[in-house]
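Source file: protein_29.pdb; contents: PDB, C-alpha atoms.
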```pdb
MODEL        1
ATOM      1  CA  MET B  56      89.635  75.885 138.260  1.00  0.00           C
ATOM      2  CA  ARG B  57      90.304  79.387 139.550  1.00  0.00           C
ATOM      3  CA  THR B  58      89.472  82.533 137.571  1.00  0.00           C
ATOM      4  CA  LEU B  59      92.628  84.564 137.019  1.00  0.00           C
ATOM      5  CA  ALA B  60      91.093  87.624 135.422  1.00  0.00           C
ATOM      6  CA  GLY B  61      87.867  89.029 134.118  1.00  0.00           C
ATOM      7  CA  TRP B  62      87.461  91.561 131.348  1.00  0.00           C
ATOM      8  CA  HIS B  63      84.523  93.868 130.845  1.00  0.00           C
ATOM      9  CA  VAL B  64      83.453  94.360 127.216  1.00  0.00           C
ATOM     10  CA  GLU B  65      81.044  97.040 125.986  1.00  0.00           C
ATOM     11  CA  MET B  66      79.527  97.127 122.511  1.00  0.00           C
ATOM     12  CA  GLU B  67      77.407  99.831 120.884  1.00  0.00           C
ATOM     13  CA  PHE B  68      75.780  99.915 117.459  1.00  0.00           C
ATOM     14  CA  ARG B  69      74.586 102.681 115.169  1.00  0.00           C
ATOM     15  CA  GLU B  70      72.292 101.984 112.243  1.00  0.00           C
ATOM     16  CA  GLU B  71      72.317 104.488 109.370  1.00  0.00           C
ATOM     17  CA  GLY B  72      70.302 103.363 106.364  1.00  0.00           C
ATOM     18  CA  ASP B  73      72.000 100.269 104.983  1.00  0.00           C
ATOM     19  CA  ARG B  74      75.099 100.702 107.179  1.00  0.00           C
ATOM     20  CA  THR B  75      75.789  99.392 110.654  1.00  0.00           C
ATOM     21  CA  ARG B  76      78.677 100.661 112.753  1.00  0.00           C
ATOM     22  CA  ALA B  77      79.929  98.986 115.904  1.00  0.00           C
ATOM     23  CA  ALA B  78      82.154 100.398 118.614  1.00  0.00           C
ATOM     24  CA  ALA B  79      83.608  97.992 121.174  1.00  0.00           C
ATOM     25  CA  MET B  80      85.725  98.546 124.240  1.00  0.00           C
ATOM     26  CA  VAL B  81      87.426  96.067 126.553  1.00  0.00           C
ATOM     27  CA  ARG B  82      88.746  97.105 129.941  1.00  0.00           C
ATOM     28  CA  LEU B  83      91.708  95.055 131.151  1.00  0.00           C
ATOM     29  CA  ASN B  84      92.793  94.445 134.739  1.00  0.00           C
ATOM     30  CA  ASP B  85      95.695  96.896 134.332  1.00  0.00           C
ATOM     31  CA  ALA B  86      93.092  99.647 133.624  1.00  0.00           C
ATOM     32  CA  THR B  87      93.972  99.690 129.928  1.00  0.00           C
ATOM     33  CA  GLU B  88      90.999 100.332 127.654  1.00  0.00           C
ATOM     34  CA  ILE B  89      91.233  99.025 124.106  1.00  0.00           C
ATOM     35  CA  ARG B  90      88.704 100.250 121.574  1.00  0.00           C
ATOM     36  CA  GLY B  91      87.787  98.683 118.271  1.00  0.00           C
ATOM     37  CA  HIS B  92      85.477  99.587 115.411  1.00  0.00           C
ATOM     38  CA  GLY B  93      83.687  97.592 112.763  1.00  0.00           C
ATOM     39  CA  ASN B  94      81.347  98.302 109.883  1.00  0.00           C
ATOM     40  CA  ALA B  95      78.830  96.381 107.819  1.00  0.00           C
ATOM     41  CA  GLN B  96      76.865  97.422 104.770  1.00  0.00           C
ATOM     42  CA  ARG B  97      73.761  95.685 103.504  1.00  0.00           C
ATOM     43  CA  HIS B  98      73.613  94.985  99.790  1.00  0.00           C
ATOM     44  CA  PRO B  99      70.667  96.821  98.203  1.00  0.00           C
ATOM     45  CA  SER B 100      69.064  93.536  97.120  1.00  0.00           C
ATOM     46  CA  ASP B 101      69.243  91.989 100.631  1.00  0.00           C
ATOM     47  CA  PRO B 102      66.285  92.197 103.015  1.00  0.00           C
ATOM     48  CA  GLU B 103      66.612  94.355 106.142  1.00  0.00           C
ATOM     49  CA  GLN B 104      67.972  92.238 108.972  1.00  0.00           C
ATOM     50  CA  LEU B 105      69.365  94.583 111.598  1.00  0.00           C
ATOM     51  CA  ARG B 106      70.652  91.712 113.721  1.00  0.00           C
ATOM     52  CA  VAL B 107      72.843  90.427 110.877  1.00  0.00           C
ATOM     53  CA  GLY B 108      74.414  93.861 110.387  1.00  0.00           C
ATOM     54  CA  GLU B 109      75.087  94.056 114.112  1.00  0.00           C
ATOM     55  CA  GLU B 110      76.685  90.607 114.118  1.00  0.00           C
ATOM     56  CA  ILE B 111      78.994  91.443 111.219  1.00  0.00           C
ATOM     57  CA  ALA B 112      79.946  94.914 112.466  1.00  0.00           C
ATOM     58  CA  GLY B 113      80.337  93.579 116.021  1.00  0.00           C
ATOM     59  CA  ALA B 114      82.560  90.726 114.889  1.00  0.00           C
ATOM     60  CA  ARG B 115      84.756  93.162 112.974  1.00  0.00           C
ATOM     61  CA  ALA B 116      85.037  95.440 116.019  1.00  0.00           C
ATOM     62  CA  LEU B 117      86.069  92.467 118.162  1.00  0.00           C
ATOM     63  CA  MET B 118      88.612  91.408 115.520  1.00  0.00           C
ATOM     64  CA  ASP B 119      90.062  94.933 115.712  1.00  0.00           C
ATOM     65  CA  ILE B 120      90.380  94.568 119.495  1.00  0.00           C
ATOM     66  CA  ALA B 121      91.896  91.086 119.116  1.00  0.00           C
ATOM     67  CA  SER B 122      94.579  92.455 116.797  1.00  0.00           C
ATOM     68  CA  GLN B 123      95.404  95.246 119.259  1.00  0.00           C
ATOM     69  CA  LEU B 124      95.563  92.766 122.161  1.00  0.00           C
ATOM     70  CA  LEU B 125      98.031  90.612 120.227  1.00  0.00           C
ATOM     71  CA  GLN B 126     100.195  93.643 119.517  1.00  0.00           C
ATOM     72  CA  LYS B 127     100.067  94.714 123.183  1.00  0.00           C
ATOM     73  CA  ALA B 128     101.038  91.226 124.355  1.00  0.00           C
ATOM     74  CA  HIS B 129     103.954  90.993 121.942  1.00  0.00           C
ATOM     75  CA  THR B 130     105.189  94.449 122.914  1.00  0.00           C
ATOM     76  CA  GLU B 131     105.191  93.333 126.552  1.00  0.00           C
ATOM     77  CA  ILE B 132     106.984  90.091 125.664  1.00  0.00           C
ATOM     78  CA  ASP B 133     109.616  92.034 123.726  1.00  0.00           C
ATOM     79  CA  GLU B 134     110.180  94.470 126.598  1.00  0.00           C
ATOM     80  CA  VAL B 135     110.818  91.654 129.080  1.00  0.00           C
ATOM     81  CA  SER B 136     112.755  89.293 126.821  1.00  0.00           C
ATOM     82  CA  GLY B 137     114.762  91.832 124.842  1.00  0.00           C
ATOM     83  CA  HIS B 138     113.918  89.853 121.681  1.00  0.00           C
ATOM     84  CA  THR B 139     111.399  90.475 118.942  1.00  0.00           C
ATOM     85  CA  SER B 140     108.445  88.118 119.107  1.00  0.00           C
ATOM     86  CA  HIS B 141     106.129  87.419 116.206  1.00  0.00           C
ATOM     87  CA  ALA B 142     102.368  87.235 116.471  1.00  0.00           C
ATOM     88  CA  LEU B 143     100.597  84.324 114.851  1.00  0.00           C
ATOM     89  CA  ARG B 144      97.966  85.502 112.401  1.00  0.00           C
TER      90      ARG B 144
ENDMDL
END
```
I'd like the structure from this file rewritten - as structure tokens, please.
Amino acid sequence: MRTLAGWHVEMEFREEGDRTRAAAMVRLNDATEIRGHGNAQRHPSDPEQLRVGEEIAGARALMDIASQLLQKAHTEIDEVSGHTSHALR
């Protein structure tokens, strides 16, 4: 199988007390950069597990990017087809 495209994804985290913030960015082949953000907050009774906060915040940042990618794709479909497409959710 041949690779058609490759995307570069960057992810950064910031820990502030019981909160974890994630910032993600994907760079597409058309030079578009899409940025997403996600947050996680540890419950006061939970033990400190920085990795878990990163996983949750990171997943939410990637979900933000996924939603934007779907919107971008449907906008491009609509422009070419002249019809309104509907994203599956």
- Identify, on the basis of only C-alpha atoms, every residue whose closest approach to range 82-86 of chain B does not exceed 10 Å; exclude the query and any residue fewer than 5 positions from it along the same chain; express the result as an MDAnalysis selection string. chainID B and resid 60:65
- Query: Just so the selection is clear, what residues does the PyMOL selection byres ((chain B and resi 112-122) around 12) cover here, as a ChimeraX atom specification?
  - Reply: /B:64-70,74-83,88-97,105-111,123-129,142-144
Edge lengths and centre, in Å to one decimal, as AutoDock Vina command-line options: that's what I need for the box along x, y and z that holds all listed atoms of range 116-132 of chain B plus 4 Å on each side.
```
--center_x 96.0 --center_y 92.8 --center_z 121.0 --size_x 29.9 --size_y 13.3 --size_z 19.0
```
- In Å, how far is it from CA of Gln104 in chain B to CA of Asp73 in chain B?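 Result for CA of Gln104 in chain B versus CA of Asp73 in chain B: 9.8 Å, one decimal.
Of note, CA of Thr87 in chain B and CA of His138 in chain B are spaced 23.7 Å apart.
Between CA of Leu59 in chain B and CA of Ile132 in chain B the separation is 19.1 Å.
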